[in-house]
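What follows is the content of upload_25.txt, which has compact mmCIF, C-alpha atoms:
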# COMPACT_ATOMS: atom_id res chain seq x y z
CA MET A 1 110.26 96.44 86.07
CA PRO A 2 106.97 96.88 87.94
CA ASN A 3 105.78 94.30 90.42
CA PRO A 4 103.66 91.53 88.85
CA ASP A 5 99.88 91.62 88.71
CA VAL A 6 97.71 88.83 90.09
CA ASN A 7 98.24 86.59 87.05
CA GLY A 8 101.99 87.12 87.19
CA ARG A 9 102.06 86.42 90.92
CA GLU A 10 100.21 83.15 90.37
CA LYS A 11 102.70 82.00 87.72
CA ILE A 12 105.69 82.98 89.87
CA LEU A 13 104.24 81.11 92.85
CA ARG A 14 103.80 77.98 90.74
CA VAL A 15 107.48 78.16 89.72
CA HIS A 16 108.64 78.36 93.35
CA MET A 17 106.21 75.61 94.41
CA ARG A 18 107.52 73.06 91.90
CA ASN A 19 109.77 71.31 94.41
CA VAL A 20 107.48 71.78 97.42
CA PRO A 21 105.13 68.92 98.43
CA LEU A 22 101.68 70.54 98.44
CA SER A 23 98.44 69.43 100.04
CA SER A 24 95.37 69.08 97.85
CA ASP A 25 93.72 72.09 99.57
CA VAL A 26 96.33 74.61 98.33
CA ASP A 27 94.71 77.23 96.07
CA VAL A 28 97.46 79.17 94.29
CA ARG A 29 95.01 81.73 92.87
CA VAL A 30 93.75 82.68 96.34
CA ILE A 31 97.31 83.05 97.61
CA ALA A 32 98.19 85.29 94.64
CA ARG A 33 95.11 87.48 95.24
CA GLY A 34 96.21 88.02 98.83
CA CYS A 35 99.70 89.29 97.94
CA PRO A 36 99.18 92.64 96.16
CA GLY A 37 102.43 94.49 95.54
CA PHE A 38 104.65 91.46 96.18
CA SER A 39 107.77 91.13 94.06
CA GLY A 40 109.20 87.85 92.79
CA ALA A 41 111.61 87.74 95.75
CA ASP A 42 108.74 88.35 98.19
CA LEU A 43 106.79 85.46 96.68
CA ALA A 44 109.82 83.15 96.93
CA ASN A 45 110.19 84.16 100.57
CA LEU A 46 106.50 83.42 101.12
CA VAL A 47 106.82 79.87 99.78
CA ASN A 48 109.93 79.24 101.90
CA GLU A 49 108.21 80.59 105.00
CA ALA A 50 105.17 78.37 104.41
CA ALA A 51 107.42 75.31 104.02
CA LEU A 52 109.19 76.16 107.29
CA MET A 53 105.87 76.50 109.08
CA ALA A 54 104.75 73.10 107.82
CA ALA A 55 108.05 71.58 109.00
CA ARG A 56 107.64 73.11 112.47
CA ARG A 57 104.19 71.53 112.65
CA ASN A 58 105.66 68.11 111.74
CA ARG A 59 103.83 67.96 108.42
CA ARG A 60 105.20 66.27 105.34
CA MET A 61 103.13 68.47 103.02
CA VAL A 62 102.43 72.22 102.95
CA MET A 63 98.78 73.15 103.45
CA GLN A 64 96.79 76.26 102.57
CA ARG A 65 96.79 77.18 106.24
CA ASP A 66 100.62 77.32 106.20
CA PHE A 67 100.57 79.74 103.25
CA GLU A 68 97.96 81.92 104.98
CA ASP A 69 99.99 82.07 108.19
CA ALA A 70 103.19 82.76 106.25
CA LYS A 71 101.50 85.57 104.32
CA ASP A 72 100.23 87.16 107.54
CA LYS A 73 103.70 86.93 109.06
CA VAL A 74 105.37 88.53 106.04
CA MET A 75 102.78 91.34 105.75
CA MET A 76 102.02 92.10 109.41
CA GLY A 77 104.68 90.41 111.54
CA ALA A 78 104.72 87.28 113.66
CA GLU A 79 101.97 86.40 116.10
CA ARG A 80 102.43 88.08 119.46
CA LYS A 81 101.86 84.90 121.46
CA SER A 82 103.50 86.40 124.53
CA MET A 83 100.97 89.22 124.62
CA VAL A 84 98.47 88.67 127.43
CA MET A 85 94.98 89.98 126.66
CA THR A 86 92.25 90.01 129.26
CA ASN A 87 88.96 88.28 128.51
CA GLU A 88 87.30 91.70 128.25
CA GLU A 89 89.84 92.85 125.64
CA LYS A 90 89.39 89.66 123.65
CA LYS A 91 85.63 90.06 123.75
CA LYS A 92 85.77 93.66 122.54
CA THR A 93 88.23 92.72 119.79
CA ALA A 94 85.95 89.87 118.67
CA TYR A 95 82.92 92.18 118.42
CA HIS A 96 85.05 94.87 116.72
CA GLU A 97 86.27 92.51 114.00
CA GLY A 98 82.85 90.88 113.77
CA GLY A 99 81.36 94.30 113.07
CA HIS A 100 83.79 94.90 110.23
CA ALA A 101 83.06 91.49 108.73
CA LEU A 102 79.26 91.76 108.93
CA VAL A 103 79.18 95.22 107.38
CA ALA A 104 81.52 94.01 104.61
CA LEU A 105 79.07 91.19 103.88
CA SER A 106 76.10 93.58 103.81
CA VAL A 107 77.15 96.69 101.88
CA PRO A 108 76.30 96.84 98.15
CA ALA A 109 79.88 96.98 96.81
CA ALA A 110 82.72 95.29 98.69
CA ASP A 111 85.47 92.78 98.07
CA PRO A 112 84.76 89.26 99.39
CA VAL A 113 85.66 88.70 103.04
CA HIS A 114 88.62 86.33 103.14
CA LYS A 115 89.03 85.91 106.89
CA ALA A 116 88.72 87.52 110.31
CA THR A 117 91.05 86.98 113.23
CA ILE A 118 91.60 88.19 116.79
CA ILE A 119 95.21 86.95 116.96
CA PRO A 120 97.48 89.97 117.65
CA ARG A 121 100.06 90.70 114.94
CA GLY A 122 102.33 93.71 114.77
CA LEU A 123 100.44 96.65 116.25
CA ALA A 124 96.99 95.21 115.52
CA LEU A 125 94.92 93.20 118.00
CA GLY A 126 92.89 91.68 115.16
CA MET A 127 91.93 92.20 111.55
CA VAL A 128 89.47 91.45 108.78
CA MET A 129 90.99 90.73 105.37
CA GLN A 130 89.15 91.21 102.09
CA LEU A 131 90.48 89.87 98.81
CA PRO A 132 89.57 91.49 95.49
CA GLU A 133 88.90 89.16 92.59
CA GLY A 134 91.68 90.89 90.64
CA ASP A 135 94.03 93.84 90.89
CA ARG A 136 92.02 97.03 91.39
CA HIS A 137 93.13 100.29 89.78
CA SER A 138 90.21 102.58 90.60
CA LEU A 139 87.08 102.81 92.76
CA ASP A 140 83.61 104.14 92.05
CA PHE A 141 81.44 106.15 94.45
CA GLU A 142 79.45 103.12 95.65
CA GLN A 143 82.63 101.21 96.46
CA MET A 144 84.02 104.20 98.37
CA THR A 145 80.91 104.73 100.49
CA SER A 146 80.80 100.98 101.16
CA ARG A 147 84.39 101.16 102.40
CA LEU A 148 83.49 104.03 104.71
CA ALA A 149 80.73 101.91 106.26
CA ILE A 150 83.06 98.92 106.65
CA MET A 151 85.68 101.07 108.38
CA MET A 152 83.09 102.31 110.85
CA GLY A 153 81.71 98.82 111.52
CA GLY A 154 84.14 97.98 114.32
CA ARG A 155 83.47 101.11 116.36
CA VAL A 156 79.71 100.83 115.89
CA ALA A 157 79.77 97.19 117.04
CA GLU A 158 81.58 98.17 120.25
CA GLU A 159 79.09 100.97 120.88
CA LEU A 160 76.05 98.73 120.34
CA ILE A 161 77.30 95.93 122.60
CA PHE A 162 79.25 97.70 125.34
CA GLY A 163 77.86 101.25 125.32
CA LYS A 164 79.34 104.58 124.27
CA ASN A 165 81.46 104.91 127.40
CA LYS A 166 83.20 101.57 126.78
CA ILE A 167 84.37 102.19 123.19
CA THR A 168 88.09 101.43 122.90
CA SER A 169 90.83 103.23 120.97
CA GLY A 170 91.01 100.28 118.54
CA ALA A 171 89.11 102.26 115.91
CA SER A 172 91.87 104.89 115.68
CA SER A 173 93.34 103.57 112.41
CA ASP A 174 89.81 103.02 111.02
CA ILE A 175 88.84 106.63 111.70
CA GLN A 176 92.10 107.89 110.21
CA ALA A 177 91.65 105.81 107.05
CA ALA A 178 87.98 106.82 106.68
CA THR A 179 88.83 110.50 107.10
CA GLY A 180 91.60 110.25 104.51
CA LEU A 181 89.31 108.50 102.02
CA ALA A 182 86.50 111.02 102.54
CA ARG A 183 88.91 113.95 102.16
CA ASN A 184 90.21 112.57 98.87
CA MET A 185 86.62 112.09 97.68
CA VAL A 186 85.95 115.78 98.35
CA THR A 187 89.22 117.47 97.41
CA ARG A 188 90.56 115.27 94.60
CA TRP A 189 87.81 113.18 93.05
CA GLY A 190 84.94 115.67 92.86
CA TYR A 191 82.33 113.79 94.92
CA SER A 192 80.87 116.89 96.55
CA ASP A 193 78.02 118.87 95.02
CA GLU A 194 78.84 121.72 97.39
CA LEU A 195 82.44 122.09 96.21
CA GLY A 196 82.12 120.83 92.64
CA THR A 197 84.64 119.02 90.46
CA VAL A 198 87.64 121.09 91.54
CA SER A 199 90.91 119.87 93.00
CA TYR A 200 91.79 121.49 96.33
CA GLY A 201 95.17 121.35 98.04
CA ASP A 202 95.92 121.56 101.74
CA ASN A 203 97.06 124.66 103.56
CA GLN A 204 100.58 123.82 104.72
CA GLU A 205 103.00 125.44 107.11
CA GLU A 206 106.76 125.02 106.83
CA VAL A 207 108.21 124.80 110.33
CA PHE A 208 111.83 125.57 111.21
CA LEU A 209 113.06 125.03 114.76
CA GLY A 210 109.52 125.07 116.08
CA HIS A 211 108.62 128.40 114.48
CA SER A 212 106.40 128.84 111.45
CA VAL A 213 108.47 130.63 108.81
CA ALA A 214 106.26 130.17 105.76
CA ARG A 215 102.68 129.27 105.00
CA THR A 216 101.27 127.97 101.73
CA GLN A 217 97.66 129.08 101.30
CA ASN A 218 95.97 126.83 98.76
CA VAL A 219 92.31 127.30 99.78
CA SER A 220 90.45 130.07 101.55
CA GLU A 221 89.25 129.67 105.13
CA ASP A 222 85.66 129.56 103.92
CA THR A 223 86.46 126.74 101.47
CA ALA A 224 88.44 124.87 104.14
CA GLN A 225 85.39 124.93 106.41
CA LYS A 226 83.21 123.59 103.60
CA ILE A 227 85.72 120.79 102.97
CA ASP A 228 85.65 119.84 106.65
CA LEU A 229 81.84 119.78 106.64
CA GLU A 230 81.71 117.59 103.52
CA VAL A 231 84.32 115.19 104.91
CA ARG A 232 82.34 114.91 108.13
CA ARG A 233 79.13 114.33 106.17
CA LEU A 234 80.63 111.42 104.23
CA VAL A 235 82.17 109.79 107.31
CA GLN A 236 78.93 110.24 109.24
CA GLY A 237 77.08 108.61 106.37
CA GLY A 238 79.33 105.55 106.66
CA LEU A 239 78.80 105.51 110.43
CA ASP A 240 75.00 105.67 110.05
CA GLU A 241 74.99 102.89 107.44
CA ALA A 242 77.13 100.65 109.67
CA ARG A 243 74.81 101.31 112.61
CA ARG A 244 71.75 100.44 110.51
CA ILE A 245 73.27 97.17 109.29
CA LEU A 246 74.51 95.98 112.69
CA THR A 247 71.29 96.96 114.45
CA GLU A 248 69.33 94.83 111.99
CA ARG A 249 71.85 91.95 112.23
CA LEU A 250 72.59 92.07 115.95
CA GLU A 251 72.04 88.33 116.41
CA ASP A 252 74.49 87.57 113.60
CA LEU A 253 77.02 89.87 115.28
CA HIS A 254 76.73 87.88 118.52
CA ASN A 255 77.19 84.59 116.67
CA VAL A 256 80.28 85.75 114.73
CA ALA A 257 81.89 87.26 117.85
CA LYS A 258 81.31 84.08 119.87
CA ALA A 259 82.85 82.00 117.07
CA LEU A 260 85.90 84.30 116.94
CA LEU A 261 86.34 83.95 120.70
CA GLU A 262 86.24 80.17 120.36
CA TYR A 263 88.27 79.64 117.18
CA GLU A 264 90.26 82.94 117.01
CA THR A 265 90.38 82.86 113.18
CA LEU A 266 87.49 82.35 110.76
CA SER A 267 87.60 82.13 106.98
CA GLY A 268 85.03 83.94 104.86
CA ASP A 269 83.13 80.70 104.25
CA GLU A 270 83.20 79.87 107.97
CA ILE A 271 81.72 83.29 108.79
CA GLN A 272 78.91 82.66 106.34
CA ASN A 273 78.30 79.24 107.91
CA VAL A 274 78.34 80.64 111.45
CA ILE A 275 75.62 83.09 110.43
CA LYS A 276 73.61 80.10 109.15
CA GLY A 277 74.18 78.23 112.43
CA VAL A 278 76.87 75.82 111.19
CA LYS A 279 79.97 75.51 113.37
CA PRO A 280 83.44 75.51 111.78
CA ASN A 281 85.05 72.12 111.23
CA ARG A 282 88.63 72.24 112.43
CA ASP A 283 89.52 68.60 111.79
CA GLU A 284 92.60 68.74 109.57
CA PRO A 285 92.12 66.93 106.26
CA GLU A 286 93.90 63.66 105.77
CA LEU A 287 97.10 64.24 103.87
CA ARG A 288 97.52 61.65 101.16
CA LEU A 289 101.10 61.36 100.05
CA PRO A 290 101.71 60.39 96.44
CA THR A 291 102.31 56.67 96.03
CA PRO A 292 105.88 55.81 95.03
CA PRO A 293 106.38 54.67 91.44
CA ARG A 294 106.42 50.95 90.83
CA VAL A 295 109.68 49.39 89.76
CA SER A 296 109.35 48.18 86.20
CA VAL A 297 112.62 46.17 86.23
CA PRO A 298 112.26 42.79 88.02
CA LEU A 299 114.39 42.46 91.11
CA ALA A 300 116.97 39.67 91.27
CA PRO A 301 116.10 36.93 93.81
CA ARG A 302 118.05 36.96 97.04
CA PRO A 303 120.60 34.09 97.34
CA ASP A 304 119.70 31.26 99.68
CA PRO A 305 122.10 31.45 102.67
CA GLU A 306 122.17 27.65 102.95
CA LEU A 307 123.48 27.34 99.36
CA ALA A 308 126.05 30.11 99.75
Written as structure tokens, that's how I'd like the structure from this file.
Amino acid sequence: MPNPDVNGREKILRVHMRNVPLSSDVDVRVIARGCPGFSGADLANLVNEAALMAARRNRRMVMQRDFEDAKDKVMMGAERKSMVMTNEEKKKTAYHEGGHALVALSVPAADPVHKATIIPRGLALGMVMQLPEGDRHSLDFEQMTSRLAIMMGGRVAEELIFGKNKITSGASSDIQAATGLARNMVTRWGYSDELGTVSYGDNQEEVFLGHSVARTQNVSEDTAQKIDLEVRRLVQGGLDEARRILTERLEDLHNVAKALLEYETLSGDEIQNVIKGVKPNRDEPELRLPTPPRVSVPLAPRPDPELA
């Protein structure tokens, strides 16, 4: 059986949450949207992990924050609390993730920004998470070019704030993902007027003991050069769009980065509020436990010890 869609994930989560005391701020739909590809066992593990996190924090109820932290741990690994980052590295990471978030809020077609964080997890020093409203099965051209701009937002932010000579290697995975998306747009999905609506394969070499023994020629050298030029054009377009957005919203970039340095993790709503000049409120909501049921049967009076 295939893994459940967002509606199925929501129903499965509700089944596993039946015996878990939940806070009033828990939004099952949001949790389901953030778990694409999860199986029923993965969702059960997520609920158990969130309950354990709440217990470690001496809470009697599981909050939305516990589910978010549990989801991040399951998907990306535990927080690397032992990792020591210098203030300069934290600052660059904050501007990098702030750049991604601001571009995602500005491009014409993008999924809503769910949160941004500079807490290291796995191999990443930080991340910006976007949640689609539902399961997505295809993308249009506007959504693809918007994604290219979002991917380039982190590198552009570093360049604008720290200068070209101070850009870090943190954009490596962004560049790789943008290049892969642009190449698919050109060679598989027909988004190049120069190459037309034709599917192109890659020239591959089969290597045995370090020596090339066979070569599969799928496209000519002239066509390969055109593909490279078109891929570069699309990626450069995303880079230019990210630079335009962040140049116009430089003050917002400073505000979001400063908030990330102070709070480390910001939700999508908190990012919007920071841009408007409203600081995040980190006072935990009061947890109201359900009142115990009243006893309908009258209790027998206690015997008087003097009469006993």
Closest atom pairs, residues of range 104-189 of chain A within 12 Å of range 52-68 of chain A, all atoms listed in the file, as JSON lines:
{"residue": "A:His114", "atom": "CA", "partner": "A:Glu68", "partner_atom": "CA", "distance": 10.5}
{"residue": "A:Lys115", "atom": "CA", "partner": "A:Glu68", "partner_atom": "CA", "distance": 10.0}
{"residue": "A:Thr117", "atom": "CA", "partner": "A:Glu68", "partner_atom": "CA", "distance": 11.9}
{"residue": "A:Met129", "atom": "CA", "partner": "A:Glu68", "partner_atom": "CA", "distance": 11.2}
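Checking A:Val113, A:Ile227, A:Leu195, A:Val107 one by one against Arg244 in chain A, counting only C-alpha atoms, you find the shortest gap at A:Val107.
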>> I'd like the interatomic distance between CA of Leu181 in chain A and CA of His96 in chain A, to a tenth of an Å.
In response: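 CA of Leu181 in chain A sits 20.5 Å away from CA of His96 in chain A.
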> What is the CA of Gly238 in chain A-CA of Asp252 in chain A distance in Å, reported with one decimal?
Replying inline: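 CA of Asp252 in chain A lies 19.9 Å from CA of Gly238 in chain A.
CA of Ala124 in chain A to CA of Ser173 in chain A spans 9.6 Å [interatomic distance, one decimal].
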>> I'd like to know which of A:Gly237, A:Arg249, A:Gly180, A:Pro120 is closest to Ser106 in chain A, using all atoms listed in the file.
In response: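 Of the candidates, the smallest distance to Ser106 in chain A is held by A:Arg249.
The protein and nucleic acid residues lying at most 10 Å from Leu131 in chain A are Val30, Ile31, Ala32, Arg33, Gly34, Cys35, Pro36, Ala110, Asp111, Pro112, Val113, His114 and Lys115 of chain A, with all atoms listed in the file considered and sequence neighbours fewer than 5 positions away removed.
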